[in-house]
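Visitor: Input: one structure, supplied below.
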Amino acid sequence: MGWLGETVDSVKSIQIRQLLTQAISLVCCLIGMIVTSSLIIWKALICVTGSESPVVVVLSESMEPGFQRGDILFLHMSKDPIRAGEIVVFNIDGRDIPIVHRVIKVHERKNTGEVDVLTKGDNNPGDDRLLYAKGQLWLHRHHIMGRAVGFLPYVGWVTIIMTEKPIIKYILIGALGLLVISSRD
Amino acid sequence: MHSFGYRANALLTFSVTALAFICAIASFSDKFSNQNPSAEIQILNINRLKKQSYGNDEVSLTLDISADLQSLFTWNTKQVFAFVAAEYETSKNSLNQVSLWDVIIPDKEHAKFRIQTSNKYRFIDQGHNLRGREFNLTLHWHVMPKTGKMLADKIVMPGYSLPDAYK
């Protein structure tokens with residue numbers, strides 16, 4: 001019975017090795033493809049919309065009821081001058097979360113074309129001077145990353161959940177990995 | 001090939017694609033709506049035209065705003081954001097836009113209105129250019145859809161002016 005045991009052992013070991021090889025190659029291939037294609041789509045969007053951040057997720061309630069938390073905004077940045085009423089996305093020096101608010105005041109210089117802009121969230125009682133950097137009264141063109149031109153409701157919740165509860169991110173990745181391994185053909 | 005995983009994946013991909021397609025069509029259907037909004041603004045009173053302690057001119061006024069924006073609402077409209085801005089030119093600035101008053105219109109019933117109000121936001125110049133200044137009052141509106149592309153337009157009403165002296 002020694003050789004039977006040996007054969008069984010060798011068969012089992014081949015299966016385990018095959019399983020491991022397939023699993024690793026599938027996971028690497030799939031993750032590689034997903035990551036690469038996402039990157040390609042993201043970079044293409046940046047090119048097409050002319051904005052560094054072509055898509056943002058609405059994080060606060062300052063633009064309700066128009067934009068709710070979890071909505072996705074599509075941005076576009078063109079050379080057109082900034083005018084009152086436009087919804088712009090801007091960064092404050094020293095903070096890394098972009099803010100999406102509406103322009104309520106514009107003062108454009110004759111000679112240089114430079115512009116002073118004041119913004120306010122629709123749902124906020126006062127304008128954004130409290131949010132700007134200390135001593136800053138106006139936004140300028142270089143602060144503004146894009147204009148909101150369209151939006152999709154609710155889709156951004158995926159990002160918010162994964163940021164605020166990272167455990168869900170790990171569960172999702174784990175489940176994806178399991179799915180890939182178990183669906184070898 | 002017919003395992004649960006494959007079927008779930010196919011279903012999910014198809015439903016997401018179908019949803020995206022429906023959203024695009026909903027947004028596209030807005031192009032066919034016939035829109036003819038109207039508005040009229042009167043200045044009831046210039047309450048105050050003064051020079052602030054640290055330099056800039058400021059004006060406070062009372063407006064009578066009447067508008068009919070009902071034709072802007074389609075089945076894909078979530079809300080309309082309307083605001084009145086004073087627009088004028090000065091020697092230093094080619095354009096000044098100062099929002100005086102705004103409103104969020106959630107549905108068609110509220111889109112026809114008449115309101116008398118003093119300016120919600122302070123009308124402050126960059127400098128001392130407001131005495132005798134002529135300006136336009138423009139009613140802007142931004143239509144925010146339930147899904148898709150946002151749309152904006154305006155009605156320009158020229159011919160308003162401020163008093164020649166501080167008061």
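A note on labels: chains of the structure tokens are A, B, ... as shown, every chain counts residues from 1, and ligands are counted from 1 in their shown order.
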Please identify every residue of chain B that has at least one atom no farther than 7 Å from an atom of chain A, counting only C-alpha atoms, and for each give the shortest atom pair and the distance in Å to one decimal, arranged by chain then increasing number, as CSV.

Guide:
```
residue,atom,partner,partner_atom,distance
B:Gln79,CA,A:Gly66,CA,6.6
B:Lys92,CA,A:Lys110,CA,5.9
B:Asn93,CA,A:Arg109,CA,4.3
B:Ser94,CA,A:Lys110,CA,4.5
B:Leu95,CA,A:Glu108,CA,5.2
B:Asn96,CA,A:His107,CA,4.5
B:Gln97,CA,A:Val106,CA,4.9
B:Val98,CA,A:Lys105,CA,4.7
B:Ser99,CA,A:Ile104,CA,5.3
B:Met144,CA,A:Gly66,CA,6.7
B:Thr147,CA,A:Leu152,CA,5.4
B:Gly148,CA,A:Gly150,CA,5.1
B:Lys149,CA,A:Gly150,CA,4.2
B:Met150,CA,A:Gly150,CA,5.4
```

Visitor: Report the residues of region 75-109 of chain B whose backbone DSSP state falls under strand (DSSP E), written as a list of chain:residue names.

Guide: B:Thr77, B:Lys78, B:Gln79, B:Val80, B:Phe81, B:Ala82, B:Phe83, B:Val84, B:Ala85, B:Ala86, B:Glu87, B:Tyr88, B:Asn93, B:Ser94, B:Leu95, B:Asn96, B:Gln97, B:Val98, B:Ser99, B:Leu100, B:Trp101, B:Asp102, B:Val103, B:Ile104, B:Ile105

Visitor: Taking 3 positions as the minimum chain separation for residues in the same chain, which residues sit within 7 Å of Asp153 (chain B) when counting only C-alpha atoms? Answer as number ranges by chain.

Guide: B: 140-142

Visitor: Go ahead and write the selection's residues with N, CA and C atoms as a PDB file, in the first residue's frame.

Guide:
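Here's the written file selection.pdb:
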```
ATOM      1  N   HIS B 140     -30.640  85.675 -13.753  1.00  0.00           N
ATOM      2  CA  HIS B 140     -30.031  84.438 -14.255  1.00  0.00           C
ATOM      3  C   HIS B 140     -30.802  83.256 -13.699  1.00  0.00           C
ATOM      4  N   TRP B 141     -30.836  82.169 -14.451  1.00  0.00           N
ATOM      5  CA  TRP B 141     -31.369  80.928 -13.871  1.00  0.00           C
ATOM      6  C   TRP B 141     -30.505  79.754 -14.279  1.00  0.00           C
ATOM      7  N   HIS B 142     -30.369  78.832 -13.326  1.00  0.00           N
ATOM      8  CA  HIS B 142     -29.627  77.597 -13.571  1.00  0.00           C
ATOM      9  C   HIS B 142     -30.549  76.427 -13.293  1.00  0.00           C
TER      10      HIS B 142
END
```

Visitor: Within 10 Å of region 31-53 of chain A, which residues of region 60-85 of chain A show up? Give each one with its shortest atom-to-atom distance in Å (one decimal) and the two atoms involved, counting only C-alpha atoms, rows by chain then rising residue number, as CSV.

Guide:
```
residue,atom,partner,partner_atom,distance
A:Phe74,CA,A:Thr49,CA,8.8
A:Leu75,CA,A:Thr49,CA,6.8
A:His76,CA,A:Thr49,CA,4.8
A:Met77,CA,A:Ser51,CA,5.3
A:Ser78,CA,A:Gly50,CA,7.0
A:Lys79,CA,A:Gly50,CA,9.7
```

Visitor: Write to file, as a CSV table (one decimal), in the first residue's frame, the residues of the selection just made, with N, CA and C atoms.

Guide:
```csv
chain,number,residue,atom,x,y,z
A,74,PHE,N,-19.6,66.1,-12.8
A,74,PHE,CA,-18.7,66.1,-13.9
A,74,PHE,C,-18.2,67.5,-14.1
A,75,LEU,N,-16.9,67.7,-14.2
A,75,LEU,CA,-16.3,69.0,-14.3
A,75,LEU,C,-15.7,69.2,-15.7
A,76,HIS,N,-15.7,70.5,-16.1
A,76,HIS,CA,-15.1,70.9,-17.3
A,76,HIS,C,-14.4,72.2,-17.1
A,77,MET,N,-13.2,72.3,-17.6
A,77,MET,CA,-12.5,73.6,-17.4
A,77,MET,C,-12.2,74.2,-18.8
A,78,SER,N,-12.8,75.3,-19.2
A,78,SER,CA,-12.5,75.9,-20.5
A,78,SER,C,-11.9,77.3,-20.2
A,79,LYS,N,-11.4,77.9,-21.3
A,79,LYS,CA,-10.8,79.2,-21.1
A,79,LYS,C,-11.8,80.3,-21.0
```

Visitor: Looking at A:Pro166, A:Gly146, A:Gly156, A:Gly94, which one is nearest to Tyr132 (chain A), with distances taken over only C-alpha atoms?

Guide: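 Checking each candidate against Tyr132 (chain A), we get A:Gly94 as the closest.
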
Visitor: Point out the residue among B:Phe83, B:Tyr54, B:Phe21, B:Trp75 with the least atom-to-atom distance to Val103 (chain B), counting only C-alpha atoms.

Guide: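 That would be B:Phe83, the residue with the smallest distance to Val103 (chain B).
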
Visitor: Check region 11-185 of chain A with DSSP on the backbone and list each residue it calls alpha helix (DSSP H), as a PyMOL selection string.

Guide: chain A and resi 11-49+157-164+166-182

Visitor: Can you tell me, as a ChimeraX atom specification, what residues are no more than 9 Å from Ser33 (chain B) when counting only C-alpha atoms, ignoring any on the same chain fewer than 3 positions away?

Guide: /B:29-30,71-74

Visitor: For the residues in that selection, give me C-alpha atoms as an mmCIF file, in the first residue's frame.

Guide:
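This went into result.cif:
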```cif
data_model
loop_
_atom_site.group_PDB
_atom_site.id
_atom_site.type_symbol
_atom_site.label_atom_id
_atom_site.label_comp_id
_atom_site.auth_asym_id
_atom_site.auth_seq_id
_atom_site.Cartn_x
_atom_site.Cartn_y
_atom_site.Cartn_z
ATOM 1 C CA SER B 29 -34.857 64.908 -23.862
ATOM 2 C CA ASP B 30 -34.403 68.285 -22.189
ATOM 3 C CA SER B 71 -41.731 76.827 -18.774
ATOM 4 C CA LEU B 72 -38.256 75.805 -17.620
ATOM 5 C CA PHE B 73 -39.547 72.820 -15.667
ATOM 6 C CA THR B 74 -39.491 69.435 -17.367
#
```

Visitor: Please measure the separation of CA of Gly121 (chain A) and CA of Phe123 (chain B), giving the value in Å to one decimal.

Guide: 18.2 Å

Visitor: Skipping near chain neighbours, those fewer than 2 positions away, what residues fall within 8 Å of Leu137 (chain B) using only C-alpha atoms, listed as a list in words?

Guide: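 Near neighbours after the sequence-gap exclusion: Ile41, Val84, Ala85, Ala86, Glu87, Phe135, Leu139, Val156, Met157, Pro158 and Tyr160 of chain B.
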
Visitor: How many Å separate CA of Asp57 (chain B) from CA of Gln136 (chain A)?

Guide: 19.8 Å
